[in-house]
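Source file final-v8.txt; content: compact mmCIF, C-alpha atoms and all ligand atoms.
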```txt
# COMPACT_ATOMS: atom_id res chain seq x y z
CA MET A 1007 4.03 -34.87 -3.39
CA GLY A 1008 2.04 -31.64 -3.20
CA ILE A 1009 3.57 -28.18 -3.54
CA ILE A 1010 3.24 -27.42 0.17
CA GLU A 1011 5.02 -30.66 1.13
CA LYS A 1012 7.80 -29.83 -1.33
CA ILE A 1013 8.20 -26.38 0.26
CA LYS A 1014 8.25 -27.92 3.73
CA GLU A 1015 10.91 -30.42 2.65
CA ILE A 1016 13.18 -27.70 1.26
CA GLU A 1017 12.62 -25.56 4.34
CA ALA A 1018 13.67 -28.50 6.48
CA GLU A 1019 16.79 -28.98 4.39
CA MET A 1020 17.64 -25.27 4.76
CA ALA A 1021 17.18 -25.52 8.52
CA ARG A 1022 19.58 -28.50 8.60
CA THR A 1023 22.21 -26.74 6.50
CA GLN A 1024 24.78 -24.67 8.35
CA LYS A 1025 25.19 -21.17 7.04
CA ASN A 1026 28.72 -20.52 5.86
CA LYS A 1027 30.71 -19.55 2.78
CA ALA A 1028 30.75 -23.13 1.50
CA THR A 1029 26.98 -23.62 1.72
CA GLU A 1030 25.83 -20.19 0.58
CA TYR A 1031 25.47 -21.22 -3.07
CA HIS A 1032 23.42 -24.24 -2.16
CA LEU A 1033 21.22 -22.19 0.21
CA GLY A 1034 20.69 -19.58 -2.50
CA GLN A 1035 19.54 -22.27 -4.87
CA LEU A 1036 17.13 -23.66 -2.29
CA LYS A 1037 15.68 -20.17 -1.76
CA ALA A 1038 15.03 -19.87 -5.48
CA LYS A 1039 13.39 -23.31 -5.48
CA ILE A 1040 11.02 -22.26 -2.70
CA ALA A 1041 10.21 -18.96 -4.44
CA LYS A 1042 9.28 -20.87 -7.60
CA LEU A 1043 7.04 -23.26 -5.68
CA ARG A 1044 5.34 -20.38 -3.85
CA THR A 1045 4.59 -18.72 -7.17
CA GLN A 1046 3.03 -22.00 -8.36
CA LEU A 1047 0.95 -22.01 -5.20
CA LEU A 1048 -0.43 -18.58 -6.08
CA GLU A 1049 -1.72 -19.71 -9.45
CA PRO A 1050 -5.45 -20.39 -9.26
CA PRO A 1051 -6.26 -24.11 -9.29
CA LYS A 1052 -7.17 -25.56 -12.68
CA GLY A 1053 -10.81 -25.15 -13.57
CA SER A 1054 -11.43 -22.25 -11.19
CA SER A 1055 -11.94 -18.67 -12.31
CA GLY A 1056 -9.31 -17.52 -9.85
CA ALA A 1057 -11.97 -15.84 -7.77
CA GLY A 1058 -12.16 -16.58 -4.08
CA ASP A 1059 -15.50 -17.60 -2.60
CA GLY A 1060 -17.62 -14.58 -1.90
CA PHE A 1061 -14.74 -12.40 -0.77
CA GLU A 1062 -14.75 -10.00 -3.68
CA VAL A 1063 -16.22 -6.67 -2.76
CA THR A 1064 -16.70 -3.96 -5.36
CA LYS A 1065 -14.12 -1.23 -5.09
CA PHE A 1066 -15.57 2.01 -3.87
CA GLY A 1067 -14.22 5.44 -3.06
CA HIS A 1068 -10.76 6.87 -3.53
CA GLY A 1069 -8.77 4.04 -2.06
CA ARG A 1070 -8.95 0.73 -0.26
CA VAL A 1071 -7.56 -0.32 3.10
CA ALA A 1072 -7.61 -3.91 4.41
CA LEU A 1073 -7.69 -4.97 8.07
CA ILE A 1074 -5.41 -7.95 8.56
CA GLY A 1075 -4.78 -9.68 11.83
CA PHE A 1076 -5.05 -12.69 14.09
CA PRO A 1077 -8.55 -13.61 15.31
CA SER A 1078 -10.13 -11.43 18.02
CA VAL A 1079 -7.66 -8.56 17.92
CA GLY A 1080 -10.54 -6.14 17.36
CA LYS A 1081 -10.72 -5.72 13.56
CA SER A 1082 -14.52 -5.75 13.43
CA THR A 1083 -14.83 -3.46 16.43
CA LEU A 1084 -12.50 -1.02 14.68
CA LEU A 1085 -14.42 -1.19 11.39
CA THR A 1086 -17.67 -0.45 13.16
CA MET A 1087 -16.14 2.51 14.99
CA LEU A 1088 -14.38 4.08 12.01
CA THR A 1089 -17.09 3.58 9.40
CA GLY A 1090 -20.39 3.23 11.23
CA THR A 1091 -21.04 0.03 9.29
CA HIS A 1092 -21.80 -2.73 11.77
CA SER A 1093 -19.54 -5.76 11.69
CA GLU A 1094 -20.26 -8.45 14.28
CA ALA A 1095 -17.72 -8.47 17.11
CA ALA A 1096 -17.47 -11.05 19.88
CA SER A 1097 -15.02 -12.53 22.31
CA TYR A 1098 -14.65 -15.81 20.40
CA GLU A 1099 -12.25 -16.35 17.49
CA PHE A 1100 -13.36 -16.36 13.85
CA THR A 1101 -16.45 -14.26 14.47
CA THR A 1102 -16.05 -12.67 11.05
CA LEU A 1103 -16.29 -15.15 8.19
CA THR A 1104 -16.41 -12.94 5.09
CA CYS A 1105 -15.26 -9.57 3.85
CA ILE A 1106 -17.24 -6.63 5.21
CA PRO A 1107 -16.76 -3.21 3.61
CA GLY A 1108 -17.27 0.15 5.27
CA ILE A 1109 -16.43 3.73 4.29
CA ILE A 1110 -14.20 6.18 6.13
CA HIS A 1111 -15.04 9.80 5.35
CA TYR A 1112 -11.87 11.81 5.76
CA ASN A 1113 -10.67 15.11 4.28
CA ASP A 1114 -13.56 15.19 1.80
CA THR A 1115 -12.55 11.79 0.44
CA LYS A 1116 -14.03 8.34 0.84
CA ILE A 1117 -11.77 5.48 1.77
CA GLN A 1118 -13.05 1.92 1.64
CA LEU A 1119 -12.15 -0.09 4.74
CA LEU A 1120 -12.42 -3.88 4.59
CA ASP A 1121 -12.99 -6.06 7.62
CA LEU A 1122 -11.73 -9.61 7.08
CA PRO A 1123 -11.67 -12.93 8.91
CA GLY A 1124 -8.75 -13.43 11.26
CA ILE A 1125 -5.75 -15.24 9.82
CA ILE A 1126 -3.32 -17.57 11.50
CA GLU A 1127 0.09 -19.08 10.94
CA GLY A 1128 -0.07 -21.14 7.75
CA ALA A 1129 -2.56 -18.77 6.11
CA SER A 1130 -0.37 -18.47 3.03
CA GLU A 1131 -0.62 -22.22 2.56
CA GLY A 1132 -4.38 -22.13 2.75
CA LYS A 1133 -5.06 -22.58 6.45
CA GLY A 1134 -8.42 -21.13 7.46
CA ARG A 1135 -9.46 -18.53 4.93
CA GLY A 1136 -5.92 -17.33 4.60
CA ARG A 1137 -5.68 -17.47 0.82
CA GLN A 1138 -8.85 -15.44 0.25
CA VAL A 1139 -7.96 -12.93 2.94
CA ILE A 1140 -4.55 -12.42 1.42
CA ALA A 1141 -6.02 -12.07 -2.08
CA VAL A 1142 -8.25 -9.25 -0.81
CA SER A 1143 -5.38 -7.53 0.96
CA LYS A 1144 -3.39 -7.64 -2.27
CA SER A 1145 -6.21 -5.74 -3.96
CA SER A 1146 -5.90 -2.94 -1.38
CA ASP A 1147 -3.77 0.18 -1.45
CA ILE A 1148 -2.52 -0.21 2.09
CA VAL A 1149 -2.79 -2.78 4.87
CA LEU A 1150 -3.61 -2.15 8.50
CA MET A 1151 -2.08 -4.99 10.47
CA VAL A 1152 -4.18 -5.05 13.63
CA LEU A 1153 -2.37 -6.50 16.64
CA ASP A 1154 -3.41 -7.16 20.20
CA ALA A 1155 -1.12 -4.95 22.29
CA SER A 1156 -1.29 -7.43 25.17
CA LYS A 1157 -0.16 -10.39 23.07
CA SER A 1158 3.26 -11.50 21.86
CA GLU A 1159 5.28 -9.29 19.55
CA GLY A 1160 5.87 -12.51 17.59
CA HIS A 1161 2.43 -12.15 16.01
CA ARG A 1162 3.66 -9.29 13.91
CA GLN A 1163 6.55 -11.38 12.56
CA ILE A 1164 4.31 -14.37 11.87
CA LEU A 1165 1.85 -12.27 9.87
CA THR A 1166 4.62 -10.49 8.01
CA ARG A 1167 6.05 -13.88 7.05
CA GLU A 1168 2.67 -15.13 5.88
CA LEU A 1169 2.19 -12.05 3.70
CA GLU A 1170 5.75 -12.25 2.39
CA ALA A 1171 5.21 -15.88 1.43
CA VAL A 1172 2.57 -14.77 -1.07
CA GLY A 1173 4.67 -12.01 -2.55
CA LEU A 1174 3.60 -9.02 -0.47
CA ARG A 1175 6.41 -6.73 0.63
CA LEU A 1176 5.47 -4.40 3.45
CA ASN A 1177 7.02 -0.95 3.82
CA LYS A 1178 9.80 -1.80 1.40
CA ARG A 1179 10.70 -0.38 -1.94
CA PRO A 1180 11.58 -2.56 -4.91
CA PRO A 1181 15.25 -3.67 -4.90
CA GLN A 1182 17.53 -1.46 -6.94
CA ILE A 1183 18.49 -4.19 -9.38
CA TYR A 1184 18.19 -3.76 -13.13
CA PHE A 1185 17.27 -7.08 -14.70
CA LYS A 1186 16.51 -7.83 -18.32
CA LYS A 1187 16.21 -11.18 -20.05
CA LYS A 1188 17.94 -11.44 -23.39
CA LYS A 1189 17.79 -13.85 -26.32
CA THR A 1190 21.56 -14.33 -26.63
CA GLY A 1191 24.85 -13.08 -25.21
CA GLY A 1192 25.04 -14.98 -21.94
CA ILE A 1193 24.79 -13.33 -18.54
CA SER A 1194 26.22 -9.88 -18.05
CA PHE A 1195 26.75 -9.23 -14.34
CA ASN A 1196 27.56 -5.73 -13.10
CA SER A 1197 27.28 -3.62 -9.99
CA THR A 1198 27.74 0.04 -9.17
CA LEU A 1199 29.08 -0.75 -5.68
CA THR A 1200 30.77 -3.50 -3.70
CA LEU A 1201 28.38 -6.36 -3.01
CA THR A 1202 28.58 -8.13 0.33
CA HIS A 1203 25.65 -10.57 0.10
CA ILE A 1204 25.94 -11.93 -3.40
CA ASP A 1205 28.63 -12.54 -5.99
CA GLU A 1206 28.73 -13.38 -9.67
CA LYS A 1207 28.74 -17.14 -9.16
CA LEU A 1208 25.77 -17.07 -6.79
CA CYS A 1209 23.86 -14.80 -9.17
CA TYR A 1210 24.54 -17.22 -12.05
CA GLN A 1211 23.34 -20.12 -9.96
CA ILE A 1212 20.07 -18.43 -9.08
CA LEU A 1213 19.49 -17.50 -12.72
CA HIS A 1214 20.36 -21.07 -13.70
CA GLU A 1215 17.70 -22.33 -11.30
CA TYR A 1216 15.23 -20.21 -13.29
CA LYS A 1217 16.69 -21.59 -16.54
CA ILE A 1218 17.79 -18.08 -17.49
CA HIS A 1219 21.02 -18.21 -19.49
CA ASN A 1220 20.97 -14.82 -21.22
CA ALA A 1221 20.31 -11.67 -19.24
CA GLU A 1222 21.65 -8.35 -18.08
CA VAL A 1223 21.88 -7.86 -14.31
CA LEU A 1224 23.01 -4.60 -12.74
CA PHE A 1225 23.08 -4.19 -8.96
CA ARG A 1226 22.56 -0.59 -7.89
CA GLU A 1227 22.51 -1.45 -4.18
CA ASP A 1228 24.02 -4.04 -1.87
CA ALA A 1229 21.14 -6.44 -2.47
CA THR A 1230 20.58 -9.92 -1.08
CA VAL A 1231 19.70 -13.24 -2.72
CA ASP A 1232 16.09 -12.66 -1.66
CA ASP A 1233 16.09 -9.28 -3.42
CA LEU A 1234 17.41 -10.86 -6.60
CA ILE A 1235 14.75 -13.57 -6.47
CA ASP A 1236 12.06 -10.89 -5.99
CA VAL A 1237 13.27 -9.10 -9.10
CA ILE A 1238 13.41 -12.30 -11.18
CA GLU A 1239 9.96 -13.41 -10.05
CA GLY A 1240 8.67 -9.93 -10.90
CA ASN A 1241 5.28 -10.51 -9.24
CA ARG A 1242 5.90 -8.86 -5.88
CA LYS A 1243 3.54 -6.25 -4.56
CA TYR A 1244 5.07 -3.42 -2.54
CA MET A 1245 2.60 -2.03 -0.03
CA LYS A 1246 2.53 0.33 2.87
CA CYS A 1247 1.50 -1.26 6.14
CA ILE A 1248 0.52 0.43 9.38
CA TYR A 1249 0.86 -1.66 12.53
CA VAL A 1250 -2.17 -0.92 14.68
CA TYR A 1251 -1.78 -2.01 18.29
CA ASN A 1252 -5.29 -2.25 19.73
CA LYS A 1253 -6.42 -2.85 23.33
CA ILE A 1254 -3.84 -0.58 24.94
CA ASP A 1255 -6.39 -0.18 27.75
CA VAL A 1256 -5.22 -3.53 29.13
CA ILE A 1257 -1.45 -2.88 29.21
CA GLY A 1258 0.79 -0.56 31.19
CA ILE A 1259 1.86 2.89 30.05
CA ASP A 1260 5.52 1.87 29.59
CA ASP A 1261 4.55 -0.87 27.16
CA VAL A 1262 2.23 1.51 25.31
CA ASP A 1263 5.10 3.95 24.97
CA LYS A 1264 7.43 1.27 23.58
CA LEU A 1265 4.91 0.15 20.96
CA ALA A 1266 4.03 3.70 19.95
CA ARG A 1267 7.67 4.48 19.21
CA GLN A 1268 8.09 1.75 16.63
CA PRO A 1269 8.12 2.83 13.00
CA ASN A 1270 4.82 2.75 11.08
CA SER A 1271 2.94 1.97 14.28
CA VAL A 1272 -0.09 3.45 16.01
CA VAL A 1273 -1.46 2.46 19.41
CA ILE A 1274 -5.23 2.59 19.90
CA SER A 1275 -8.01 1.39 22.11
CA CYS A 1276 -11.42 0.70 20.63
CA ASN A 1277 -12.85 0.33 24.11
CA LEU A 1278 -11.70 3.81 25.16
CA LYS A 1279 -11.98 5.34 21.65
CA LEU A 1280 -8.33 6.30 22.02
CA ASN A 1281 -6.07 7.72 19.30
CA PHE A 1282 -8.37 7.25 16.28
CA ASP A 1283 -7.36 10.72 15.05
CA ARG A 1284 -3.76 9.68 14.90
CA LEU A 1285 -4.63 6.42 13.15
CA LEU A 1286 -6.68 8.23 10.51
CA ALA A 1287 -3.92 10.77 9.96
CA LYS A 1288 -1.45 7.90 9.42
CA VAL A 1289 -3.80 6.19 6.99
CA TRP A 1290 -4.23 9.45 5.11
CA GLU A 1291 -0.48 9.97 4.90
CA ALA A 1292 0.15 6.40 3.73
CA MET A 1293 -2.54 6.63 1.04
CA GLY A 1294 -0.82 9.64 -0.51
CA LEU A 1295 -4.07 10.99 -1.94
CA VAL A 1296 -3.92 14.30 -3.75
CA ARG A 1297 -7.02 16.51 -3.66
CA VAL A 1298 -7.30 18.99 -6.48
CA TYR A 1299 -10.01 21.65 -6.55
CA THR A 1300 -11.36 22.86 -9.85
CA LYS A 1301 -11.83 26.60 -10.22
CA PRO A 1302 -14.19 27.65 -12.98
CA GLN A 1303 -13.15 30.91 -14.60
CA GLY A 1304 -14.17 33.88 -12.45
CA GLN A 1305 -15.60 31.67 -9.75
CA GLN A 1306 -14.64 30.29 -6.38
CA PRO A 1307 -13.51 26.64 -6.38
CA ASP A 1308 -15.81 24.13 -4.75
CA PHE A 1309 -13.70 23.15 -1.76
CA SER A 1310 -16.02 20.36 -0.71
CA ASP A 1311 -15.71 18.33 -3.90
CA PRO A 1312 -12.12 17.61 -4.88
CA VAL A 1313 -10.85 15.57 -7.80
CA VAL A 1314 -8.83 12.89 -5.98
CA LEU A 1315 -5.63 11.65 -7.58
CA SER A 1316 -2.94 9.27 -6.38
CA ALA A 1317 0.69 8.93 -7.38
CA ASP A 1318 0.52 5.14 -6.96
CA ARG A 1319 -2.66 4.74 -8.95
CA GLY A 1320 -3.00 6.77 -12.12
CA GLY A 1321 -0.62 9.60 -11.30
CA CYS A 1322 -0.96 13.23 -10.28
CA SER A 1323 -0.05 15.23 -13.37
CA VAL A 1324 -2.25 17.90 -14.92
CA GLU A 1325 -2.92 15.37 -17.68
CA ASP A 1326 -4.14 12.81 -15.12
CA PHE A 1327 -6.32 15.51 -13.59
CA CYS A 1328 -7.88 16.39 -16.96
CA ASN A 1329 -8.47 12.73 -17.84
CA HIS A 1330 -10.14 12.30 -14.50
CA ILE A 1331 -12.67 15.01 -15.31
CA HIS A 1332 -13.40 13.84 -18.83
CA ARG A 1333 -11.81 11.42 -21.27
CA ASN A 1334 -11.93 13.90 -24.16
CA LEU A 1335 -11.02 17.04 -22.23
CA ILE A 1336 -7.31 16.82 -22.85
CA LYS A 1337 -7.43 17.77 -26.54
CA ASP A 1338 -9.17 21.09 -25.74
CA VAL A 1339 -6.77 22.14 -22.99
CA LYS A 1340 -4.41 24.98 -23.82
CA TYR A 1341 -2.82 25.22 -20.39
CA VAL A 1342 -3.92 25.35 -16.76
CA LEU A 1343 -3.50 27.89 -13.98
CA VAL A 1344 -2.36 26.44 -10.69
CA TRP A 1345 -2.53 27.81 -7.15
CA GLY A 1346 -1.15 25.87 -4.18
CA ILE A 1347 1.96 23.98 -3.06
CA SER A 1348 3.00 22.78 -6.51
CA ALA A 1349 2.96 26.33 -7.92
CA ARG A 1350 6.12 28.43 -7.82
CA HIS A 1351 4.06 31.62 -8.00
CA TYR A 1352 0.34 32.34 -8.08
CA PRO A 1353 -1.10 31.43 -10.42
CA GLN A 1354 1.43 29.42 -12.37
CA HIS A 1355 0.75 28.64 -16.02
CA CYS A 1356 1.35 24.91 -16.32
CA GLY A 1357 1.43 22.29 -19.04
CA LEU A 1358 0.09 18.74 -18.97
CA SER A 1359 3.17 17.23 -17.37
CA HIS A 1360 3.09 19.49 -14.29
CA VAL A 1361 2.72 17.38 -11.13
CA LEU A 1362 -0.02 18.54 -8.77
CA GLN A 1363 0.05 18.38 -5.00
CA ASP A 1364 -2.55 17.95 -2.31
CA GLU A 1365 -5.00 20.87 -2.09
CA ASP A 1366 -3.90 22.58 -5.28
CA VAL A 1367 -6.47 24.68 -7.12
CA VAL A 1368 -6.59 24.32 -10.90
CA GLN A 1369 -8.30 26.38 -13.55
CA ILE A 1370 -8.39 24.86 -17.01
CA VAL A 1371 -7.89 27.25 -19.89
CA LYS A 1372 -9.21 25.76 -23.10
CA LYS A 1373 -8.03 26.53 -26.59
CA LYS A 1374 -9.83 29.64 -27.96
CA GLU A 1375 -10.86 30.67 -24.47
CA LYS A 1376 -9.54 33.56 -22.38
CA ASP A 1377 -8.32 32.99 -18.85
CA ASP A 1378 -8.85 35.04 -15.73
CA GLY A 1379 -5.54 36.71 -16.35
CA GLY A 1380 -4.37 35.37 -13.06
CA GLY A 1381 -7.73 35.33 -11.43
CA ARG A 1382 -9.53 38.33 -10.12
CA GLY A 1383 -9.85 38.70 -6.40
CA ARG A 1384 -8.41 36.67 -3.63
CA PHE A 1385 -6.28 34.16 -5.52
CA LYS A 1386 -4.52 36.89 -7.47
CA SER A 1387 -3.18 38.62 -4.42
CA HIS A 1388 -1.02 35.73 -3.24
CA SER A 1389 2.68 36.25 -2.80
CA THR A 1390 5.21 34.14 -4.65
CA ALA A 1391 5.85 31.82 -1.72
CA PRO A 1392 4.31 28.39 -2.31
CA ALA A 1393 1.78 27.53 0.35
CA ARG A 1394 -1.29 25.52 0.90
CA ILE A 1395 -4.59 27.20 0.22
CA SER A 1396 -5.47 27.96 3.82
CA ASP A 1397 -8.68 26.96 5.53
CA ARG A 1398 -9.57 30.64 5.83
CA GLU A 1399 -9.25 31.09 2.08
CA LYS A 1400 -11.44 28.09 1.54
CA LYS A 1401 -14.18 29.63 3.62
CA ALA A 1402 -13.93 33.20 2.31
CA PRO A 1403 -15.81 33.63 -0.95
CA LEU A 1404 -13.82 34.79 -3.95
CA LYS A 1405 -15.00 38.20 -5.05
CA THR A 1406 -15.23 38.50 -8.80
N1 LIG B 1 -9.99 -4.55 26.12
C1 LIG B 1 -10.32 -4.30 24.86
N2 LIG B 1 -11.05 -5.21 24.19
C2 LIG B 1 -11.37 -4.94 22.91
C3 LIG B 1 -10.94 -3.75 22.27
N3 LIG B 1 -11.38 -3.78 20.99
C4 LIG B 1 -12.06 -4.92 20.84
N4 LIG B 1 -12.08 -5.64 21.99
C5 LIG B 1 -12.73 -6.92 22.25
O1 LIG B 1 -12.03 -7.96 21.58
C6 LIG B 1 -12.93 -9.00 21.21
C7 LIG B 1 -12.77 -9.33 19.73
O2 LIG B 1 -13.20 -8.23 18.95
P1 LIG B 1 -13.58 -8.40 17.42
O3 LIG B 1 -13.85 -7.03 16.91
O4 LIG B 1 -14.63 -9.42 17.25
O5 LIG B 1 -12.21 -8.95 16.86
P2 LIG B 1 -11.88 -9.45 15.38
O6 LIG B 1 -10.44 -9.17 15.17
O7 LIG B 1 -12.84 -8.88 14.41
O8 LIG B 1 -12.12 -11.02 15.54
P3 LIG B 1 -12.41 -12.14 14.41
O9 LIG B 1 -13.46 -11.62 13.50
O10 LIG B 1 -12.88 -13.29 15.20
O11 LIG B 1 -11.11 -12.38 13.75
C8 LIG B 1 -14.33 -8.50 21.54
O12 LIG B 1 -14.72 -9.09 22.75
C9 LIG B 1 -14.13 -7.00 21.69
O13 LIG B 1 -15.06 -6.43 22.58
C10 LIG B 1 -10.17 -2.81 23.02
O14 LIG B 1 -9.74 -1.75 22.57
N5 LIG B 1 -9.88 -3.17 24.31
K K B 2 -13.78 -12.14 17.54
MG MG B 3 -14.10 -9.82 13.13
```
Rewrite the structure of this file - the entire thing - as structure tokens.
Ligand SMILES: Nc1nc2c(ncn2[C@@H]2O[C@H](COP(=O)(O)OP(=O)(O)OP(=O)(O)O)[C@@H](O)[C@H]2O)c(=O)[nH]1
Ligand SMILES: [K+]
Ligand SMILES: [Mg+2]
Amino acid sequence: MGIIEKIKEIEAEMARTQKNKATEYHLGQLKAKIAKLRTQLLEPPKGSSGAGDGFEVTKFGHGRVALIGFPSVGKSTLLTMLTGTHSEAASYEFTTLTCIPGIIHYNDTKIQLLDLPGIIEGASEGKGRGRQVIAVSKSSDIVLMVLDASKSEGHRQILTRELEAVGLRLNKRPPQIYFKKKKTGGISFNSTLTLTHIDEKLCYQILHEYKIHNAEVLFREDATVDDLIDVIEGNRKYMKCIYVYNKIDVIGIDDVDKLARQPNSVVISCNLKLNFDRLLAKVWEAMGLVRVYTKPQGQQPDFSDPVVLSADRGGCSVEDFCNHIHRNLIKDVKYVLVWGISARHYPQHCGLSHVLQDEDVVQIVKKKEKDDGGGRGRFKSHSTAPARISDREKKAPLKT
């Protein structure tokens, strides 16, 4: 029996089993069994390199966003409109057959947007090009789930389930469970609060299913069996997802309003070029990019060419900033001067561990080099209140 058939069989057994106190241990065990099989399913088949046929696109820019959705919801139309790169769009399903990259230019950064073939129920088990599409979305920083506003709300749940089946967790943070395998000592089970979904026996049983007999488990939140399995599997990817409801030109205003009020959602119309600003602002926010402007001593920073950092990828400390500029820079740095939101006063003398924020200005002071003494001219005159470097300041030249 193949892995997919085994999963189906266990799913059928779970569906047959009534949920109550007496069956919860058995159901927990079945969940763990499915999770193990799904992980097996993710392993590349023997003899393959693990790469998926022609779907790999070189990473480019400061971040990557994938367009995921059912066929004909308007993914390609959206890519063409946001990036200017043409991706074939048509009224029939599965128009797009590969991965098509484009670039969004936003806030002086470049964000790679990937158009992908439509996926359908069963994608996680390899239906259509589901597996490759999902592999590409896993390589992204965020996912835009494109939905047809005129179609069933169920589509969103189906896609979420498909992505969850391959270990993607959308708009969730990792469960607050400390878990560490040990060599000896049995299982130590602890919690910092009362647990309502799981108890010691159930936890043991799940661990037993994974043949784990020595481990430390500490629940720091009222977690579920699924949370525990996620922590044991350890291969989950936590991603932000924006639900993009397209084609609002074909539905009524009340329905538009309802969709727009849902969390992490944006309503748009490619046909009417409606609400792209809002979508881009949401993407920007979800990416969490941090632009840092370098100020050479005695000179105005170049506000058109930021160093772009990200808390999720690489970090946003002064050290990360220096490493970004040059691998060997760090050993010459004495301290840095910082203007902007992260500074308590202007300029603040900061060490390598200082965490920078979007639109900060940084001047590096090297060992055996004198600094501006707080910068002559405009940047010196700032008050102590932290604030963004304003657009006006960006435009006005710094007099030195
Ligand atoms: N009414 C309306 N139709 C739209 C809108 N955006 C796209 N369409 C139409 O929807 C159809 C499908 O668009 P595509 O861009 O090909 O959709 P897709 O999601 O890329 O489709 P596949 O590549 O087949 O998965 C086309 O006929 C588009 O003209 C919109 O905002 N409103
Ligand atoms: K289409
Ligand atoms: Mg398409």
Show me a table, sorted first by chain and then by increasing residue number, of the residues of chain A having an atom at most 9 Å from ligand K 2 (chain B), each with its shortest atom pair and the distance in Å to one decimal, counting all atoms listed in the file and written as a Markdown table.
```
| residue | atom | partner | partner_atom | distance |
| --- | --- | --- | --- | --- |
| A:Pro1077 | CA | B:K2 | K | 5.9 |
| A:Ser1078 | CA | B:K2 | K | 3.7 |
| A:Val1079 | CA | B:K2 | K | 7.1 |
| A:Gly1080 | CA | B:K2 | K | 6.8 |
| A:Lys1081 | CA | B:K2 | K | 8.1 |
| A:Ser1082 | CA | B:K2 | K | 7.6 |
| A:Thr1083 | CA | B:K2 | K | 8.8 |
| A:Glu1094 | CA | B:K2 | K | 8.1 |
| A:Ala1095 | CA | B:K2 | K | 5.4 |
| A:Ala1096 | CA | B:K2 | K | 4.5 |
| A:Ser1097 | CA | B:K2 | K | 4.9 |
| A:Tyr1098 | CA | B:K2 | K | 4.7 |
| A:Glu1099 | CA | B:K2 | K | 4.5 |
| A:Phe1100 | CA | B:K2 | K | 5.6 |
| A:Thr1101 | CA | B:K2 | K | 4.6 |
| A:Thr1102 | CA | B:K2 | K | 6.9 |
| A:Pro1123 | CA | B:K2 | K | 8.9 |
| A:Gly1124 | CA | B:K2 | K | 8.1 |
```
Could you check how far atom C2 of ligand LIG 1 (chain B) sits from atom CA of A:Phe1076, in Å to one decimal?
->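 About the pair atom C2 of ligand LIG 1 (chain B) and atom CA of A:Phe1076: they are 13.3 Å apart.
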Hey, what's within 12 Å of A:Ala1287 if we count all atoms listed in the file and toss same-chain stuff fewer than 2 positions away? As a PyMOL selection string, please?
-> chain A and resi 1110+1112-1113+1248+1270-1272+1281-1285+1289-1295
With only C-alpha atoms counted and 10 Å as the cut-off, give the residues of stretch 1191-1295 of chain A in contact with stretch 1141-1160 of chain A, each with its shortest interatomic distance in Å and the pair that gives it, as JSON lines.
```
{"residue": "A:Lys1243", "atom": "CA", "partner": "A:Lys1144", "partner_atom": "CA", "distance": 7.4}
{"residue": "A:Tyr1244", "atom": "CA", "partner": "A:Ile1148", "partner_atom": "CA", "distance": 9.5}
{"residue": "A:Met1245", "atom": "CA", "partner": "A:Ile1148", "partner_atom": "CA", "distance": 5.8}
{"residue": "A:Lys1246", "atom": "CA", "partner": "A:Ile1148", "partner_atom": "CA", "distance": 5.1}
{"residue": "A:Cys1247", "atom": "CA", "partner": "A:Val1149", "partner_atom": "CA", "distance": 4.7}
{"residue": "A:Ile1248", "atom": "CA", "partner": "A:Leu1150", "partner_atom": "CA", "distance": 4.9}
{"residue": "A:Tyr1249", "atom": "CA", "partner": "A:Met1151", "partner_atom": "CA", "distance": 4.9}
{"residue": "A:Val1250", "atom": "CA", "partner": "A:Val1152", "partner_atom": "CA", "distance": 4.7}
{"residue": "A:Tyr1251", "atom": "CA", "partner": "A:Leu1153", "partner_atom": "CA", "distance": 4.8}
{"residue": "A:Asn1252", "atom": "CA", "partner": "A:Asp1154", "partner_atom": "CA", "distance": 5.3}
{"residue": "A:Lys1253", "atom": "CA", "partner": "A:Ala1155", "partner_atom": "CA", "distance": 5.8}
{"residue": "A:Ile1254", "atom": "CA", "partner": "A:Ala1155", "partner_atom": "CA", "distance": 5.8}
{"residue": "A:Asp1255", "atom": "CA", "partner": "A:Ala1155", "partner_atom": "CA", "distance": 9.0}
{"residue": "A:Val1256", "atom": "CA", "partner": "A:Ser1156", "partner_atom": "CA", "distance": 6.8}
{"residue": "A:Ile1257", "atom": "CA", "partner": "A:Ser1156", "partner_atom": "CA", "distance": 6.1}
{"residue": "A:Gly1258", "atom": "CA", "partner": "A:Ser1156", "partner_atom": "CA", "distance": 9.4}
{"residue": "A:Asp1261", "atom": "CA", "partner": "A:Ala1155", "partner_atom": "CA", "distance": 8.5}
{"residue": "A:Val1262", "atom": "CA", "partner": "A:Ala1155", "partner_atom": "CA", "distance": 7.9}
{"residue": "A:Leu1265", "atom": "CA", "partner": "A:Ala1155", "partner_atom": "CA", "distance": 8.0}
{"residue": "A:Ser1271", "atom": "CA", "partner": "A:Met1151", "partner_atom": "CA", "distance": 9.4}
{"residue": "A:Val1272", "atom": "CA", "partner": "A:Val1152", "partner_atom": "CA", "distance": 9.7}
{"residue": "A:Val1273", "atom": "CA", "partner": "A:Ala1155", "partner_atom": "CA", "distance": 8.0}
{"residue": "A:Ile1274", "atom": "CA", "partner": "A:Ala1155", "partner_atom": "CA", "distance": 8.9}
{"residue": "A:Ser1275", "atom": "CA", "partner": "A:Ala1155", "partner_atom": "CA", "distance": 9.4}
{"residue": "A:Leu1285", "atom": "CA", "partner": "A:Leu1150", "partner_atom": "CA", "distance": 9.8}
{"residue": "A:Val1289", "atom": "CA", "partner": "A:Ile1148", "partner_atom": "CA", "distance": 8.2}
{"residue": "A:Ala1292", "atom": "CA", "partner": "A:Ile1148", "partner_atom": "CA", "distance": 7.3}
{"residue": "A:Met1293", "atom": "CA", "partner": "A:Ile1148", "partner_atom": "CA", "distance": 6.9}
{"residue": "A:Gly1294", "atom": "CA", "partner": "A:Asp1147", "partner_atom": "CA", "distance": 10.0}
```
